[in-house]
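Student: One structure coming up, written as structure tokens, with questions to follow.
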Amino acid sequence: MRNIGIDIEKISRFQDYLEDKRKYSRFLSQKEIEVFESFSSPKRRIEYLAGRFAAKEAIIKAVNKAQKSFSYADLSILNDEKGAPYLESKVLSEYEILLSLSHTDDDTIAIAVLK
């Protein structure tokens with residue numbers, strides 16, 4: 001099966017999440033929380049939240065036809081040594097999913113391609 005998913009989010013939507021671990025723990029994995037909490041720049045922190053949320057929404061859209069059941073926290077969007085995003089997930093390990101993320105000052109967009 002091949003499919004594609006895309007999502008765009010207003011970065012400002014995540015302002016209230018910055019200092020509320022209860023809120024960001026709903027959709028970040030433990031590995032993502034560790035990365036997020038290591039950032040000191042508020043701009044980088046909010047971009048990270050918006051980007052991870054958008055990537056997970058794009059992944060859900062890409063695998064929707066597979067009728068898989070999982071939570072946002074089951075997905076870890078990490079970065080390789082060159083900064084490229086990739087998915088780490090036990091629940092979707094049978095899929096090869098390519099990711100791309102981009103930000104403007106106001107928005108973040110994510111594309112997930114299910115190969």
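In the structure tokens, chains take the letters A, B, ... in the order shown, each chain's residues start at 1, and ligands count up from 1 in the order shown.
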Extract the full set of helix (DSSP H, G or I) residues from chain A according to DSSP on the backbone, and format it as a PyMOL selection string.
Tutor: chain A and resi 11-17+21-24+30-38+42-66+72-74
Student: What's around Leu87 (chain A) at 8 Å? Count only C-alpha atoms, leave out sequence neighbours fewer than 4 positions away in its own chain, and write the answer as JSON, numbers by chain.
Tutor: {"A": [75, 76, 77, 78, 97, 98, 99]}
Student: Need to verify the contact set: Tyr17 (chain A), 12 Å, only C-alpha atoms, exclusion of same-chain residues closer than 3 positions in sequence. Can you return it as an mmCIF file with N, CA, C and O atoms, in the first residue's frame?
Tutor:
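Saved the output as around27.cif:
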```cif
data_model
loop_
_atom_site.group_PDB
_atom_site.id
_atom_site.type_symbol
_atom_site.label_atom_id
_atom_site.label_comp_id
_atom_site.auth_asym_id
_atom_site.auth_seq_id
_atom_site.Cartn_x
_atom_site.Cartn_y
_atom_site.Cartn_z
ATOM 1 N N ILE A 11 1.431 27.677 14.384
ATOM 2 C CA ILE A 11 2.377 27.500 15.488
ATOM 3 C C ILE A 11 1.835 28.114 16.775
ATOM 4 O O ILE A 11 1.973 27.536 17.858
ATOM 5 N N SER A 12 1.169 29.240 16.670
ATOM 6 C CA SER A 12 0.652 29.923 17.858
ATOM 7 C C SER A 12 -0.347 29.069 18.632
ATOM 8 O O SER A 12 -0.541 29.278 19.836
ATOM 9 N N ARG A 13 -0.954 28.111 17.979
ATOM 10 C CA ARG A 13 -1.908 27.204 18.647
ATOM 11 C C ARG A 13 -1.274 26.478 19.833
ATOM 12 O O ARG A 13 -1.952 26.078 20.768
ATOM 13 N N PHE A 14 0.037 26.317 19.803
ATOM 14 C CA PHE A 14 0.734 25.524 20.812
ATOM 15 C C PHE A 14 1.358 26.373 21.928
ATOM 16 O O PHE A 14 2.072 25.850 22.777
ATOM 17 N N ASP A 20 3.164 23.450 29.986
ATOM 18 C CA ASP A 20 2.187 22.531 30.571
ATOM 19 C C ASP A 20 2.493 21.098 30.130
ATOM 20 O O ASP A 20 2.020 20.643 29.088
ATOM 21 N N LYS A 21 3.278 20.400 30.936
ATOM 22 C CA LYS A 21 3.704 19.044 30.584
ATOM 23 C C LYS A 21 2.513 18.108 30.383
ATOM 24 O O LYS A 21 2.549 17.215 29.544
ATOM 25 N N ARG A 22 1.461 18.329 31.122
ATOM 26 C CA ARG A 22 0.266 17.495 30.969
ATOM 27 C C ARG A 22 -0.272 17.592 29.538
ATOM 28 O O ARG A 22 -0.666 16.591 28.942
ATOM 29 N N LYS A 23 -0.242 18.788 28.964
ATOM 30 C CA LYS A 23 -0.748 18.987 27.604
ATOM 31 C C LYS A 23 0.179 18.368 26.563
ATOM 32 O O LYS A 23 -0.273 17.641 25.688
ATOM 33 N N TYR A 24 1.480 18.676 26.631
ATOM 34 C CA TYR A 24 2.353 18.150 25.580
ATOM 35 C C TYR A 24 2.629 16.667 25.733
ATOM 36 O O TYR A 24 2.953 15.982 24.763
ATOM 37 N N SER A 25 2.435 16.110 26.925
ATOM 38 C CA SER A 25 2.607 14.666 27.120
ATOM 39 C C SER A 25 1.504 13.857 26.444
ATOM 40 O O SER A 25 1.670 12.655 26.242
ATOM 41 N N ARG A 26 0.426 14.500 26.091
ATOM 42 C CA ARG A 26 -0.658 13.796 25.393
ATOM 43 C C ARG A 26 -0.258 13.363 23.992
ATOM 44 O O ARG A 26 -0.798 12.402 23.468
ATOM 45 N N PHE A 27 0.664 14.110 23.378
ATOM 46 C CA PHE A 27 1.010 13.742 22.006
ATOM 47 C C PHE A 27 2.504 13.531 21.762
ATOM 48 O O PHE A 27 2.889 13.024 20.706
ATOM 49 N N LEU A 28 3.355 13.872 22.705
ATOM 50 C CA LEU A 28 4.780 13.599 22.545
ATOM 51 C C LEU A 28 5.136 12.262 23.207
ATOM 52 O O LEU A 28 4.624 11.941 24.279
ATOM 53 N N PHE A 36 12.469 17.882 23.596
ATOM 54 C CA PHE A 36 11.746 19.142 23.801
ATOM 55 C C PHE A 36 12.237 19.880 25.046
ATOM 56 O O PHE A 36 12.499 21.082 25.007
ATOM 57 N N PRO A 42 12.347 29.553 23.454
ATOM 58 C CA PRO A 42 10.894 29.403 23.318
ATOM 59 C C PRO A 42 10.451 29.212 21.863
ATOM 60 O O PRO A 42 9.538 28.449 21.582
ATOM 61 N N ARG A 45 11.167 25.644 20.928
ATOM 62 C CA ARG A 45 10.252 24.750 21.658
ATOM 63 C C ARG A 45 8.866 24.715 21.005
ATOM 64 O O ARG A 45 8.302 23.646 20.795
ATOM 65 N N ILE A 46 8.330 25.883 20.642
ATOM 66 C CA ILE A 46 6.989 25.907 20.063
ATOM 67 C C ILE A 46 6.994 25.327 18.649
ATOM 68 O O ILE A 46 6.060 24.638 18.238
ATOM 69 N N GLU A 47 8.058 25.587 17.884
ATOM 70 C CA GLU A 47 8.177 24.980 16.558
ATOM 71 C C GLU A 47 8.247 23.455 16.658
ATOM 72 O O GLU A 47 7.655 22.749 15.846
ATOM 73 N N TYR A 48 8.958 22.974 17.662
ATOM 74 C CA TYR A 48 9.086 21.531 17.871
ATOM 75 C C TYR A 48 7.716 20.917 18.157
ATOM 76 O O TYR A 48 7.348 19.902 17.558
ATOM 77 N N LEU A 49 6.954 21.521 19.060
ATOM 78 C CA LEU A 49 5.625 20.999 19.380
ATOM 79 C C LEU A 49 4.725 20.984 18.149
ATOM 80 O O LEU A 49 4.089 19.961 17.849
ATOM 81 N N ALA A 50 4.664 22.100 17.455
ATOM 82 C CA ALA A 50 3.801 22.192 16.276
ATOM 83 C C ALA A 50 4.234 21.216 15.195
ATOM 84 O O ALA A 50 3.395 20.560 14.563
ATOM 85 N N PHE A 53 3.330 17.564 16.194
ATOM 86 C CA PHE A 53 1.897 17.345 16.069
ATOM 87 C C PHE A 53 1.508 17.216 14.589
ATOM 88 O O PHE A 53 0.774 16.295 14.210
#
```
Student: Nearest to Ser100 (chain A) among A:Glu81, A:Gly51, A:Phe70, A:Glu88, with distances taken over only C-alpha atoms: which residue is it?
Tutor: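 Under the stated criterion, the closest residue is A:Gly51.
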Student: Using only C-alpha atoms, which residue out of A:Asp16, A:Asp74, A:Asp7, A:Glu57 lies closest to Gln30 (chain A)?
Tutor: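 Of the candidates, the smallest distance to Gln30 (chain A) is held by A:Asp74.
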Student: Of the candidates A:Lys61, A:Ser69, A:Arg52, A:Glu32, which shows the shortest atom-to-atom distance to His103 (chain A), using only C-alpha atoms?
Tutor: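 For His103 (chain A), the nearest of the given residues is A:Arg52.
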Student: Which one is closest to Lys10 (chain A): A:Val35, A:Ala54, A:Lys90, A:Leu101? Count only C-alpha atoms.
Tutor: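 For Lys10 (chain A), the nearest of the candidates is A:Ala54.
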Student: For a quick check of understanding, using only C-alpha atoms, which of A:Ala84, A:Val113, A:Ala73, A:Ala58 has the smallest distance to Ile8 (chain A)?
Tutor: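 Answer, going by the shortest atom-to-atom distance: A:Ala58.
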Student: Just how far from CA of Leu114 (chain A) is CA of Ser89 (chain A), in Å to one decimal?
Tutor: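 According to the coordinates, CA of Ser89 (chain A) and CA of Leu114 (chain A) are separated by 13.8 Å.
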Student: When you draw a straight line from CA of Ala112 (chain A) to CA of Val63 (chain A), how long is it in Å?
Tutor: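 Computing the Euclidean distance for CA of Ala112 (chain A) and CA of Val63 (chain A) yields 9.3 Å.
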